Structures are given as C-alpha cells and as structure tokens.
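my_file.txt (compact mmCIF, C-alpha atoms) appears below.
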# COMPACT_ATOMS: atom_id res chain seq x y z
CA MET A 605 18.74 15.71 -18.14
CA SER A 606 14.98 15.93 -18.32
CA VAL A 607 12.09 13.81 -19.54
CA THR A 608 9.66 14.95 -22.21
CA LEU A 609 6.34 13.71 -23.54
CA ALA A 610 8.23 12.50 -26.63
CA ASP A 611 10.54 10.39 -24.42
CA ILE A 612 7.54 8.72 -22.79
CA GLN A 613 5.83 8.11 -26.12
CA ALA A 614 9.05 6.54 -27.43
CA ALA A 615 9.25 4.35 -24.33
CA ARG A 616 5.73 3.12 -25.00
CA GLN A 617 6.69 2.13 -28.52
CA ARG A 618 9.74 0.35 -27.16
CA ILE A 619 8.08 -1.67 -24.37
CA GLY A 620 4.46 -1.79 -25.50
CA SER A 621 4.61 -5.30 -26.93
CA VAL A 622 5.95 -6.85 -23.71
CA ILE A 623 4.36 -4.82 -20.89
CA TYR A 624 0.79 -5.76 -19.98
CA ARG A 625 -1.68 -3.00 -20.80
CA SER A 626 -3.55 -3.06 -17.51
CA PRO A 627 -7.26 -2.17 -17.48
CA CYS A 628 -8.77 0.92 -15.85
CA PRO A 629 -12.37 -0.06 -15.03
CA TYR A 630 -15.11 1.87 -13.27
CA SER A 631 -15.76 0.77 -9.69
CA LEU A 632 -19.35 1.04 -8.47
CA SER A 633 -18.49 0.03 -4.89
CA LEU A 634 -15.63 2.54 -4.52
CA SER A 635 -17.69 5.24 -6.19
CA GLN A 636 -20.39 4.73 -3.57
CA LEU A 637 -17.76 4.72 -0.82
CA CYS A 638 -16.15 7.97 -1.99
CA HIS A 639 -19.31 9.64 -3.35
CA SER A 640 -17.40 10.21 -6.57
CA GLU A 641 -16.93 8.52 -9.95
CA ILE A 642 -13.99 6.20 -9.28
CA PHE A 643 -11.89 4.28 -11.80
CA CYS A 644 -8.94 2.05 -10.82
CA LYS A 645 -5.80 1.62 -12.92
CA LEU A 646 -5.01 -2.01 -12.11
CA ASP A 647 -1.24 -2.01 -12.61
CA HIS A 648 -0.83 -4.49 -9.77
CA LEU A 649 -1.82 -7.04 -12.46
CA GLN A 650 1.56 -6.74 -14.16
CA MET A 651 3.47 -10.02 -14.39
CA THR A 652 5.56 -9.18 -11.31
CA GLY A 653 2.71 -7.40 -9.51
CA SER A 654 3.92 -3.83 -9.94
CA PHE A 655 4.22 -0.85 -12.31
CA LYS A 656 7.99 -0.99 -11.82
CA GLU A 657 8.26 -3.32 -14.81
CA ARG A 658 7.65 -0.39 -17.13
CA GLY A 659 10.75 1.56 -16.16
CA ALA A 660 12.89 -1.55 -15.69
CA ARG A 661 12.14 -2.86 -19.17
CA ASN A 662 12.74 0.52 -20.80
CA LYS A 663 16.09 0.95 -19.05
CA LEU A 664 17.29 -2.58 -19.81
CA MET A 665 16.43 -2.27 -23.50
CA LEU A 666 18.55 0.88 -23.76
CA LEU A 667 21.73 -0.71 -22.33
CA THR A 668 24.71 -1.20 -24.63
CA PRO A 669 25.65 -4.75 -25.66
CA ALA A 670 28.66 -4.59 -23.32
CA GLN A 671 26.48 -3.51 -20.38
CA ARG A 672 24.02 -6.31 -21.08
CA ALA A 673 26.80 -8.89 -21.10
CA ALA A 674 28.30 -7.64 -17.82
CA GLY A 675 24.95 -7.60 -15.99
CA VAL A 676 23.36 -5.00 -13.75
CA VAL A 677 23.06 -4.15 -10.06
CA ALA A 678 20.13 -2.49 -8.32
CA ALA A 679 18.81 -1.63 -4.87
CA SER A 680 15.14 -2.06 -4.10
CA ALA A 681 12.61 -2.69 -1.33
CA GLY A 682 11.12 -5.27 -3.67
CA ASN A 683 9.11 -4.18 -6.70
CA HIS A 684 11.93 -2.60 -8.71
CA ALA A 685 13.97 -5.71 -7.99
CA LEU A 686 11.13 -7.92 -9.23
CA GLY A 687 10.75 -5.95 -12.45
CA LEU A 688 14.47 -6.05 -13.18
CA SER A 689 14.76 -9.73 -12.29
CA TYR A 690 11.93 -10.79 -14.56
CA HIS A 691 12.85 -8.66 -17.55
CA GLY A 692 16.55 -9.29 -17.06
CA ARG A 693 15.85 -12.99 -17.43
CA GLU A 694 13.71 -12.34 -20.51
CA LEU A 695 16.52 -10.30 -22.11
CA GLY A 696 19.35 -12.58 -20.95
CA ILE A 697 20.88 -9.92 -18.67
CA PRO A 698 22.31 -11.09 -15.30
CA VAL A 699 20.73 -9.18 -12.40
CA THR A 700 21.92 -8.68 -8.82
CA VAL A 701 19.60 -6.90 -6.41
CA VAL A 702 20.37 -5.60 -2.94
CA MET A 703 17.31 -5.49 -0.67
CA PRO A 704 16.88 -4.33 2.94
CA ARG A 705 16.70 -7.16 5.46
CA TRP A 706 13.05 -6.29 6.19
CA ALA A 707 11.96 -6.65 2.55
CA PRO A 708 8.79 -8.78 2.29
CA LEU A 709 9.62 -12.46 1.93
CA VAL A 710 7.32 -12.86 -1.07
CA LYS A 711 9.38 -10.29 -2.99
CA VAL A 712 12.71 -11.86 -2.00
CA SER A 713 11.63 -15.36 -3.01
CA ASN A 714 10.09 -14.20 -6.30
CA CYS A 715 13.30 -12.38 -7.30
CA ARG A 716 15.22 -15.59 -6.76
CA THR A 717 12.61 -17.49 -8.75
CA PHE A 718 13.25 -15.12 -11.66
CA GLY A 719 16.95 -16.01 -11.51
CA ALA A 720 18.37 -12.93 -9.82
CA GLU A 721 21.09 -12.94 -7.19
CA VAL A 722 19.56 -11.41 -4.05
CA ILE A 723 21.70 -9.81 -1.35
CA LEU A 724 19.97 -8.76 1.89
CA HIS A 725 21.82 -5.81 3.41
CA GLY A 726 20.98 -3.07 5.89
CA GLU A 727 17.85 -2.05 7.74
CA ASP A 728 16.59 0.51 5.22
CA PHE A 729 16.58 1.31 1.52
CA ASP A 730 19.47 3.80 1.78
CA SER A 731 21.77 1.18 3.30
CA ALA A 732 20.85 -1.25 0.56
CA ARG A 733 21.43 1.41 -2.09
CA SER A 734 24.88 2.33 -0.73
CA HIS A 735 25.91 -1.31 -0.80
CA ALA A 736 24.57 -1.74 -4.34
CA LEU A 737 26.55 1.29 -5.56
CA GLN A 738 29.74 -0.09 -4.01
CA LEU A 739 29.09 -3.44 -5.66
CA SER A 740 28.47 -1.76 -9.02
CA GLN A 741 31.74 0.15 -8.85
CA ALA A 742 33.73 -2.87 -7.69
CA THR A 743 32.41 -5.14 -10.46
CA ALA A 744 32.03 -2.58 -13.29
CA ARG A 745 28.36 -3.45 -13.70
CA ALA A 746 25.72 -0.84 -14.50
CA PHE A 747 23.71 0.42 -11.56
CA ILE A 748 19.99 0.66 -12.35
CA PRO A 749 18.28 3.27 -10.13
CA ALA A 750 14.89 2.47 -8.68
CA PHE A 751 13.41 5.83 -9.66
CA ASP A 752 15.84 8.72 -10.23
CA ASP A 753 16.72 8.07 -13.86
CA PRO A 754 15.22 9.65 -17.01
CA GLN A 755 14.78 6.30 -18.76
CA ILE A 756 13.13 4.77 -15.70
CA ILE A 757 10.82 7.79 -15.39
CA ALA A 758 9.94 7.60 -19.09
CA GLY A 759 8.95 3.95 -18.69
CA GLN A 760 6.75 4.66 -15.68
CA GLY A 761 5.07 7.54 -17.51
CA THR A 762 3.65 5.16 -20.12
CA MET A 763 0.91 4.36 -17.63
CA ALA A 764 -0.49 7.89 -17.97
CA LEU A 765 -0.87 7.48 -21.73
CA GLU A 766 -3.01 4.39 -21.15
CA ILE A 767 -5.14 6.16 -18.53
CA LEU A 768 -5.92 9.01 -20.91
CA GLU A 769 -7.02 6.51 -23.54
CA ASP A 770 -9.27 4.59 -21.14
CA VAL A 771 -10.68 7.55 -19.17
CA PRO A 772 -10.29 10.52 -21.53
CA ASN A 773 -12.42 12.80 -19.35
CA VAL A 774 -10.47 12.10 -16.15
CA ALA A 775 -10.71 15.03 -13.72
CA ASN A 776 -8.55 13.79 -10.82
CA LEU A 777 -5.60 11.42 -10.73
CA ILE A 778 -4.29 10.02 -7.43
CA VAL A 779 -0.72 8.72 -7.60
CA PRO A 780 1.27 6.92 -4.85
CA VAL A 781 4.71 8.48 -4.24
CA GLY A 782 7.88 6.85 -2.98
CA GLY A 783 10.99 7.99 -4.82
CA GLY A 784 8.84 9.92 -7.27
CA GLY A 785 9.50 8.14 -10.58
CA LEU A 786 5.87 7.27 -11.27
CA LEU A 787 4.55 10.70 -10.32
CA ALA A 788 7.25 12.42 -12.38
CA GLY A 789 6.27 10.47 -15.47
CA VAL A 790 2.56 10.97 -14.90
CA CYS A 791 2.97 14.72 -14.35
CA THR A 792 4.98 15.04 -17.56
CA VAL A 793 2.23 13.41 -19.61
CA LEU A 794 -0.79 15.02 -17.94
CA LYS A 795 0.53 18.57 -17.94
CA ALA A 796 1.46 18.26 -21.62
CA LEU A 797 -1.82 16.71 -22.80
CA ARG A 798 -4.44 17.48 -20.12
CA PRO A 799 -3.18 20.29 -17.87
CA GLU A 800 -6.66 20.77 -16.33
CA VAL A 801 -6.51 17.35 -14.63
CA ARG A 802 -5.90 17.71 -10.89
CA ILE A 803 -2.96 15.53 -9.83
CA PHE A 804 -2.69 14.35 -6.23
CA GLY A 805 0.46 12.69 -4.95
CA VAL A 806 -0.05 10.52 -1.89
CA GLU A 807 2.57 9.46 0.64
CA ALA A 808 2.56 7.51 3.85
CA ALA A 809 2.79 9.98 6.73
CA ASN A 810 5.66 7.84 8.03
CA ALA A 811 7.72 8.60 4.90
CA PRO A 812 6.85 12.16 3.75
CA SER A 813 9.83 12.77 1.45
CA LEU A 814 7.98 14.69 -1.30
CA HIS A 815 5.81 16.66 1.11
CA THR A 816 8.87 17.75 3.06
CA SER A 817 10.90 18.54 -0.07
CA LEU A 818 8.18 20.70 -1.59
CA ALA A 819 7.86 22.64 1.66
CA ALA A 820 11.62 23.20 1.72
CA GLY A 821 11.86 24.01 -1.99
CA LYS A 822 14.57 21.38 -2.50
CA VAL A 823 15.13 17.67 -2.11
CA THR A 824 15.21 17.07 1.61
CA ARG A 825 16.05 13.91 3.48
CA VAL A 826 13.52 12.68 6.05
CA THR A 827 13.58 10.09 8.78
CA THR A 828 11.20 7.31 7.81
CA ARG A 829 9.26 5.13 10.20
CA PRO A 830 7.91 1.63 9.53
CA THR A 831 4.87 1.68 7.28
CA LEU A 832 2.46 -0.76 5.65
CA ALA A 833 3.33 1.04 2.43
CA ASP A 834 6.86 -0.37 2.49
CA GLY A 835 7.31 0.35 -1.22
CA LEU A 836 7.01 4.08 -0.45
CA ALA A 837 9.46 4.12 2.46
CA VAL A 838 12.10 6.29 0.75
CA ALA A 839 14.01 8.77 2.89
CA GLU A 840 15.13 10.97 0.01
CA MET A 841 13.34 11.29 -3.30
CA GLY A 842 15.15 11.62 -6.60
CA GLN A 843 16.43 14.96 -7.87
CA TYR A 844 15.29 14.30 -11.45
CA CYS A 845 11.90 13.29 -10.08
CA PHE A 846 11.62 16.37 -7.88
CA ASP A 847 12.48 18.73 -10.73
CA LEU A 848 9.75 17.17 -12.90
CA ILE A 849 7.14 17.08 -10.14
CA ARG A 850 7.62 20.56 -8.64
CA GLY A 851 5.11 22.98 -10.10
CA LYS A 852 3.09 20.18 -11.71
CA VAL A 853 1.59 18.20 -8.82
CA ASP A 854 -1.43 20.01 -7.43
CA GLU A 855 -1.45 18.60 -3.91
CA VAL A 856 0.36 16.03 -1.78
CA VAL A 857 -1.75 14.03 0.67
CA LEU A 858 -0.27 12.25 3.70
CA VAL A 859 -2.17 9.19 4.95
CA GLU A 860 -1.78 7.48 8.32
CA GLU A 861 -1.20 3.77 8.95
CA PRO A 862 -4.81 2.98 10.06
CA GLU A 863 -6.07 4.59 6.83
CA ILE A 864 -3.73 2.41 4.77
CA ALA A 865 -4.84 -0.75 6.57
CA THR A 866 -8.50 0.15 6.07
CA ALA A 867 -7.92 0.82 2.37
CA ILE A 868 -6.24 -2.58 1.89
CA LEU A 869 -9.22 -4.26 3.53
CA GLN A 870 -11.76 -2.24 1.52
CA LEU A 871 -10.07 -3.14 -1.76
CA LEU A 872 -10.02 -6.78 -0.75
CA GLU A 873 -13.64 -6.88 0.35
CA LEU A 874 -15.30 -4.45 -2.06
CA GLU A 875 -13.18 -4.96 -5.17
CA LYS A 876 -11.95 -8.52 -4.56
CA THR A 877 -8.52 -7.05 -5.23
CA VAL A 878 -5.34 -7.77 -3.26
CA VAL A 879 -3.23 -4.61 -3.24
CA GLU A 880 -0.17 -3.84 -1.13
CA GLY A 881 0.00 -0.78 1.08
CA ALA A 882 1.96 1.23 -1.50
CA GLY A 883 -0.98 0.89 -3.89
CA ALA A 884 -3.80 1.11 -1.37
CA VAL A 885 -2.70 4.60 -0.30
CA ALA A 886 -4.49 5.89 -3.40
CA LEU A 887 -7.86 4.77 -2.01
CA ALA A 888 -6.98 6.08 1.46
CA ALA A 889 -6.29 9.49 -0.07
CA ALA A 890 -9.43 9.41 -2.23
CA THR A 891 -11.57 8.74 0.81
CA ARG A 892 -10.04 11.67 2.68
CA LEU A 893 -10.23 14.03 -0.31
CA ALA A 894 -13.86 13.10 -1.01
CA VAL A 895 -14.89 13.83 2.58
CA ALA A 896 -13.11 17.20 2.41
CA GLY A 897 -14.72 18.03 -0.94
CA ARG A 898 -11.34 18.57 -2.64
CA LEU A 899 -11.94 16.40 -5.73
CA GLN A 900 -12.94 18.13 -8.95
CA PRO A 901 -16.29 17.06 -10.45
CA GLY A 902 -15.79 14.20 -12.87
CA PRO A 903 -13.97 10.85 -12.96
CA THR A 904 -11.21 10.15 -10.46
CA VAL A 905 -8.56 7.53 -11.30
CA LEU A 906 -6.75 5.69 -8.52
CA ILE A 907 -3.44 4.12 -9.47
CA LEU A 908 -3.25 0.71 -7.76
CA CYS A 909 0.42 0.25 -8.51
CA GLY A 910 1.42 -2.90 -6.61
CA GLY A 911 0.00 -6.16 -5.33
CA ASN A 912 2.94 -7.84 -3.61
CA ILE A 913 1.74 -7.96 -0.02
CA ASP A 914 3.04 -10.49 2.48
CA VAL A 915 0.23 -12.88 3.46
CA THR A 916 1.10 -12.66 7.15
CA ILE A 917 0.68 -8.87 7.05
CA LEU A 918 -2.54 -9.29 5.09
CA SER A 919 -3.85 -11.66 7.74
CA ARG A 920 -3.19 -9.14 10.53
CA ILE A 921 -4.80 -6.35 8.51
CA ILE A 922 -7.93 -8.43 7.98
CA GLU A 923 -8.22 -9.33 11.67
CA ARG A 924 -7.66 -5.78 12.90
CA GLY A 925 -9.90 -4.37 10.20
CA LEU A 926 -12.74 -6.63 11.26
CA ALA A 927 -12.33 -5.42 14.83
CA GLN A 928 -12.21 -1.75 13.84
CA THR A 929 -15.39 -2.00 11.77
CA GLY A 930 -17.36 -3.86 14.42
CA ARG A 931 -17.35 -7.30 12.82
CA MET A 932 -15.13 -8.91 15.41
CA LEU A 933 -15.40 -8.23 19.13
CA ARG A 934 -13.56 -9.49 22.17
CA LEU A 935 -14.87 -8.90 25.67
CA ASP A 936 -13.41 -9.82 29.06
CA PHE A 937 -15.72 -10.95 31.84
CA LYS A 938 -15.38 -11.70 35.54
CA VAL A 939 -18.05 -14.18 36.52
CA ALA A 940 -18.83 -16.35 39.52
CA ASP A 941 -16.74 -19.54 39.51
CA ARG A 942 -19.65 -21.94 39.78
CA PRO A 943 -21.63 -24.19 37.42
CA GLY A 944 -23.94 -22.38 35.02
CA SER A 945 -22.14 -18.99 34.92
CA LEU A 946 -20.58 -19.54 31.48
CA ALA A 947 -23.78 -21.07 30.13
CA ARG A 948 -25.80 -18.03 31.20
CA LEU A 949 -23.27 -15.68 29.60
CA LEU A 950 -23.37 -17.61 26.32
CA GLU A 951 -27.16 -17.58 26.33
CA VAL A 952 -27.17 -13.79 26.48
CA LEU A 953 -24.65 -13.54 23.64
CA ALA A 954 -26.59 -16.04 21.52
CA ALA A 955 -29.85 -14.15 22.08
CA ALA A 956 -28.10 -10.96 20.96
CA GLY A 957 -26.98 -12.65 17.73
CA ALA A 958 -23.24 -12.77 18.44
CA ASN A 959 -21.42 -15.78 16.99
CA VAL A 960 -18.79 -17.04 19.47
CA LYS A 961 -15.47 -17.93 17.83
CA GLU A 962 -13.17 -18.47 20.79
CA ILE A 963 -13.40 -18.75 24.56
CA PHE A 964 -10.43 -18.45 26.91
CA HIS A 965 -11.15 -19.44 30.49
CA GLU A 966 -8.46 -18.09 32.87
CA ARG A 967 -8.51 -20.04 36.12
CA LEU A 968 -4.86 -20.19 37.22
CA PHE A 969 -4.03 -16.47 36.89
CA GLY A 970 -7.51 -15.11 37.37
CA PRO A 971 -8.88 -12.51 39.82
CA ARG A 972 -7.60 -12.38 43.39
CA ASP A 973 -11.13 -13.19 44.53
CA VAL A 974 -11.16 -16.99 44.26
CA ALA A 975 -14.94 -16.90 43.96
CA LEU A 976 -14.52 -15.29 40.52
CA THR A 977 -12.99 -16.46 37.27
CA GLU A 978 -11.99 -14.51 34.18
CA ILE A 979 -13.31 -15.38 30.73
CA SER A 980 -12.33 -13.79 27.40
CA ILE A 981 -14.69 -14.34 24.48
CA THR A 982 -14.03 -13.46 20.84
CA MET A 983 -17.18 -13.25 18.74
CA GLU A 984 -18.36 -12.28 15.27
CA THR A 985 -20.73 -9.35 15.02
CA ARG A 986 -22.40 -7.72 12.00
CA ASP A 987 -21.36 -4.09 12.39
CA LEU A 988 -20.83 -1.29 14.92
CA ALA A 989 -24.55 -1.03 15.64
CA HIS A 990 -24.65 -4.74 16.43
CA VAL A 991 -21.70 -4.32 18.80
CA GLN A 992 -23.67 -1.70 20.71
CA ALA A 993 -26.69 -3.99 20.81
CA VAL A 994 -24.58 -6.81 22.28
CA LEU A 995 -23.17 -4.49 24.94
CA ALA A 996 -26.67 -3.25 25.78
CA ALA A 997 -27.94 -6.81 26.17
CA LEU A 998 -25.11 -7.66 28.57
CA THR A 999 -25.74 -4.50 30.57
CA GLN A 1000 -29.44 -5.24 30.80
CA GLN A 1001 -28.69 -8.66 32.24
CA GLY A 1002 -26.29 -7.21 34.80
CA ILE A 1003 -23.25 -8.93 33.31
CA GLU A 1004 -19.99 -7.02 33.82
CA PHE A 1005 -17.57 -6.74 30.91
CA ASN A 1006 -14.42 -4.81 30.19
CA ARG A 1007 -13.08 -4.06 26.73
CA ASP A 1008 -11.15 -1.15 25.26
CA LEU A 1009 -13.33 -0.16 22.33
CA ALA A 1010 -11.22 2.84 21.32
CA ASN A 1011 -10.04 1.05 18.17
CA LEU A 1012 -13.56 0.87 16.78
CA THR A 1013 -14.12 3.32 13.96
CA SER A 1014 -17.05 4.86 15.83
CA GLY A 1015 -14.70 6.01 18.56
CA SER A 1016 -16.71 4.23 21.24
CA PRO A 1017 -15.51 4.70 24.82
CA LYS A 1018 -14.37 1.92 27.08
CA GLY A 1019 -17.20 -0.45 27.83
CA SER A 1020 -17.91 -1.36 31.42
CA ALA A 1021 -21.29 -1.94 33.00

Would you mind writing the structure in this file as structure tokens?
Amino acid sequence: MSVTLADIQAARQRIGSVIYRSPCPYSLSLSQLCHSEIFCKLDHLQMTGSFKERGARNKLMLLTPAQRAAGVVAASAGNHALGLSYHGRELGIPVTVVMPRWAPLVKVSNCRTFGAEVILHGEDFDSARSHALQLSQATARAFIPAFDDPQIIAGQGTMALEILEDVPNVANLIVPVGGGGLLAGVCTVLKALRPEVRIFGVEAANAPSLHTSLAAGKVTRVTTRPTLADGLAVAEMGQYCFDLIRGKVDEVVLVEEPEIATAILQLLELEKTVVEGAGAVALAAATRLAVAGRLQPGPTVLILCGGNIDVTILSRIIERGLAQTGRMLRLDFKVADRPGSLARLLEVLAAAGANVKEIFHERLFGPRDVALTEISITMETRDLAHVQAVLAALTQQGIEFNRDLANLTSGSPKGSA
C-alpha cells in the first residue's frame, strides 16, 4: 500500500473540523539567530501537545463499527498515545496504550486523564510495541501503529497542506524524524505540489534510524541511546514510511544532545515557546544548516511538532543552558581560614558585577592544610564576556580559583590563576 496526495487531501476533509489548524508565523528572533527567514509551524499547540493527533484521528474515524466497539491497542513513547487517548474518548472508542517505563510522567498522567488504560512495559519502544501486539492478538482488538500505517501517514501529511497555504513561497522545510510518519506525509505533499522545496529530515544522533537506513538502502535497525528527543527514539523506522521518504527527502541531519538542549532553551527564551526535544531538533538543525550555508534562499519552515516536555527535564536544561552560555558560573576557591577572607572575595565579585546566588563553605572535608578552607560560589553573570571579566578581576587580586569551564560555549580552558 502507498499514500498519495489524494489520500492526504481526503484525510484533511475528514479531520479538518476537529484538528486545530495550528499557525505558522514568522519569527524575527529565530531569523536573526539563523541569518535566514524563519517560520515556525506551531503544531505543539494541538490539544494534546503534538502533531500525532492528526494521524490518530484519521485512523480512528476509518475503523469499522465492530472495531470501534471492541476498542484499540497501541504502543507509544507518549505523543501517539496521547492523540489516541484524547480522540478515542471523543469518539467513544476504548483505548489501551503500552508505554516504555521511561516514558515522561506528564504523558503517562495525561493519557490516564483522557480515560485510556496505560500499561508501562519494557525499557524501550520496541519492547512496548511487542507487548502491545501480543495484547492486540489476545483480545482481538485493532492495533493502531504509531507511524507505519498509510492512514496514519495520510493524517500526518495534512500539516504540509497547511504550511503551503500559510507560507506558499517556502524554500526549505525542516522535519523531525522518529518512525518517519510525519516526514513521509510531508514528502508526499511537497514533492507533488512543490518539488523545488528542499526537505530536511532531522534525527537525534542517538537514534539515527533514517540516516542509517538510507545509507544501507533498506530499513535497518539501530541501537538507540538515551536522548532528550525521546519522541524520536525509534530503533527501526517504518517500511511504508521508508518507501515514501526514499528519493524524496533531500538531506538528513543528525543533531547532538547539547544542540537539542540549546534549541529547547532558545525556543523558551526567544520565542516564549515550550517545545520538547523531538520538536526542538528542527531549530538545532536549522542553526547548523545556516552556519554551513546549506539552506536555499527564501523562507525556511521549522516544524515544532511536540510540546510535552517533563518539567524536571526542562529545569535541568535551563540550568545547564545558563551555564553553557555564560549566565551562570560556579567557581571553587581555597582561601585562608580566618576572618575577612570570604568578605574580601565577595567584594571582588561584587565589584565585577557578579550576583552571588549560593555559597557553600566546606570546613569539615576541606583542604589538608588546616589553614585553608574551601568555598564554592554560584553566581549569575551576563554572558561569556562577563565571565571572562570576573575571572580577570579575581586574577588581578591574586585570588586562586578552580573551575572546569569546558562546558562554556566559547570553549574556554580550565580557569586557574
């Protein structure tokens, strides 16, 4: 079976009245960042926070009355499960979803809120999928694939029709890739209506299933590693998806974990937009492509396809991002253990404009020299240049410090003076 432009247009007619038509606005801040004309397709604003609703709704509406009555089973890392759970409730179809044990808590709890039965099984998506298939066969309920299904692909492809309406002169389209359903649908539409548009698929380097499969000329299983883009952590992409993508996608970009974390933070700070790693990879790829000069002249659309990020992960990303960009700094000092030493140190930091957030004074497990004590200070700084100014001020005053600055984006060496 294949998927045609007509299938995707029919899916839009079928689901158009119930799926939110997400906007695709121009972003001045991201355009300045990437030195390109950037638009963002905000599909993370769907009711369940993900584009997965499109395919889920299309598939559910095409079930037979008997299948609807029996209910459905699915496997998902989260977003497909959310889409099925929400639209299953709306259509009166019982839904059971099997999710890996590491699935984000926000996605698990929201599925249950939508009335689905949630089963946590296995350490990865493939284990969850195997269990879901067994459950489907044992209970005679329809299994709803997360991506490798023509009706799912057709639903996802409806997004491309909207993009062409909102940005008719689009030159580049950057699409996150997990199992490949979204990219397969997008490629089908773009190559039928606007074949000159350059299509970039983007994967987490820790889960390069499409990149590896294209290199091998066939669907190839990969070993995935943990990634912030958990929604893309698929070890083996779909065969239907691969057949539709091969020969249509122009380039596949692999992005590393620090790039994904930076992109999440940039979207939060510059766009006031909370996007999960699986969506933020589009910005990470755009930044890399812009630097390399590989974007065609003209508008570039980033698909921000999901916004279901765990707040604890978001908190860590913010903290580490601030450190990497020079807006948070921690230094370790060994100072004389006598009155006035800490006060003098703080005076130097204050004069340099650093805002002290936390002080840890280690007396019990400090240096072997009992005349010294160890102090760790976390402070707010403005940027990387300010960090260097603070270090210079300490050096000028003869104050010794030690801090591994290798995580700063400037690539600064270890600081010791």

Task: Pairwise distance for atom CA of Ser980 of chain A and atom CA of Arg934 of chain A, rounded to one decimal in Å - done: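 Atom CA of Arg934 of chain A lies 6.9 Å from atom CA of Ser980 of chain A.
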
Open item on the list: So that I can see what lies close to Met703 of chain A, please list as a ChimeraX atom specification the residues with an atom at most 8 Å from it, counting all atoms listed in the file and leaving out residues fewer than 2 positions away in the same chain.
Closed with: /A:679-682,701,705,707,712,722-726,729,732

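Atom CA of Gly911 of chain A lies 14.7 Å from atom CA of Tyr624 of chain A.
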
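Put simply, atom CA of Pro754 of chain A is 8.5 Å away from atom CA of Cys845 of chain A.
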
Open item on the list: Between A:Leu899, A:Ile778, A:Ala720, A:Ala839, which residue has the minimum interatomic distance to Ser640 of chain A, considering all atoms listed in the file?
Closed with: A:Leu899

Task: Long-range neighbours of segment 793-807 of chain A as a PyMOL selection string, 6 Å cut-off, only C-alpha atoms, 3 positions minimum in chain - done: chain A and resi 609+775-781+790+812+853-858

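Nearest-residue note for Val974 of chain A: choosing from A:Val939, A:Leu637, A:Ile619, A:Leu950, the minimum distance belongs to A:Val939, counting all atoms listed in the file.
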
TODO: Measuring atom to atom with all atoms listed in the file, identify which of A:Gly759, A:Pro971, A:Pro830, A:Gly944 is nearest to Glu657 of chain A.
DONE: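 Residue with the minimum atom-to-atom distance to Glu657 of chain A: A:Gly759.
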
Open item on the list: Neighbouring residues of Asp936 of chain A were defined as those with any atom within 7 Å, considering only C-alpha atoms; residues of the same chain fewer than 3 positions away were excluded. Please report them as a list in words.
Closed with: Ile979, Ser980, Ile981, Phe1005, Asn1006 and Arg1007 of chain A

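Minimum atom-to-atom distance to Phe964 of chain A, evaluated using all atoms listed in the file, belongs to A:Leu935 out of A:Ala927, A:Ala889, A:Leu935, A:Ile1003.
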
If you take only C-alpha atoms and a cut-off of 6 Å, which residues of segment 718-809 of chain A touch segment 659-673 of chain A, and what are their nearest atom pairs and distances in Å to one decimal, in chain and number order, as CSV?
residue,atom,partner,partner_atom,distance
A:Gln755,CA,A:Lys663,CA,5.5
A:Ile756,CA,A:Gly659,CA,4.0
A:Gly759,CA,A:Gly659,CA,3.9
A:Gln760,CA,A:Gly659,CA,5.1

Open item on the list: I need the residue nearest Val915 of chain A from this list: A:Lys645, A:Lys711, A:Arg693, A:Arg716. Use only C-alpha atoms for the distance.
Closed with: A:Lys711

Task: Selected residue, from A:Lys876, A:Arg986, A:Arg733, A:His965, that lies nearest to Ser633 of chain A when counting only C-alpha atoms - done: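 The answer is A:Lys876, which sits nearest to Ser633 of chain A.
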
- [ ] Pick out the residues sitting within 9 Å of Leu953 of chain A, and hand them over as a list in words; count only C-alpha atoms, and ignore anything fewer than 4 positions along from it in its own chain.
- [x]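 Here the answer would be Arg948, Leu949, Gly957, Ala958, Asn959, Val960, Met983, Val994, Ala997 and Leu998 of chain A.
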
Open item on the list: What's around Val771 of chain A at 10 Å? Count all atoms listed in the file, leave out sequence neighbours fewer than 5 positions away in its own chain, and write the answer as a VMD selection string.
Closed with: chain A and resid 628 to 630 643 645 766 903 to 905

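Remark: residues at most 10 Å from position (2.2, -6.0, 7.2) in file coordinates are Pro708, Pro830, Thr831, Leu832, Ala833, Asp834, Ala865, Glu880, Gly881, Ile913, Asp914, Val915, Thr916, Ile917, Leu918, Ser919, Arg920 and Ile921 of chain A, using all atoms listed in the file.
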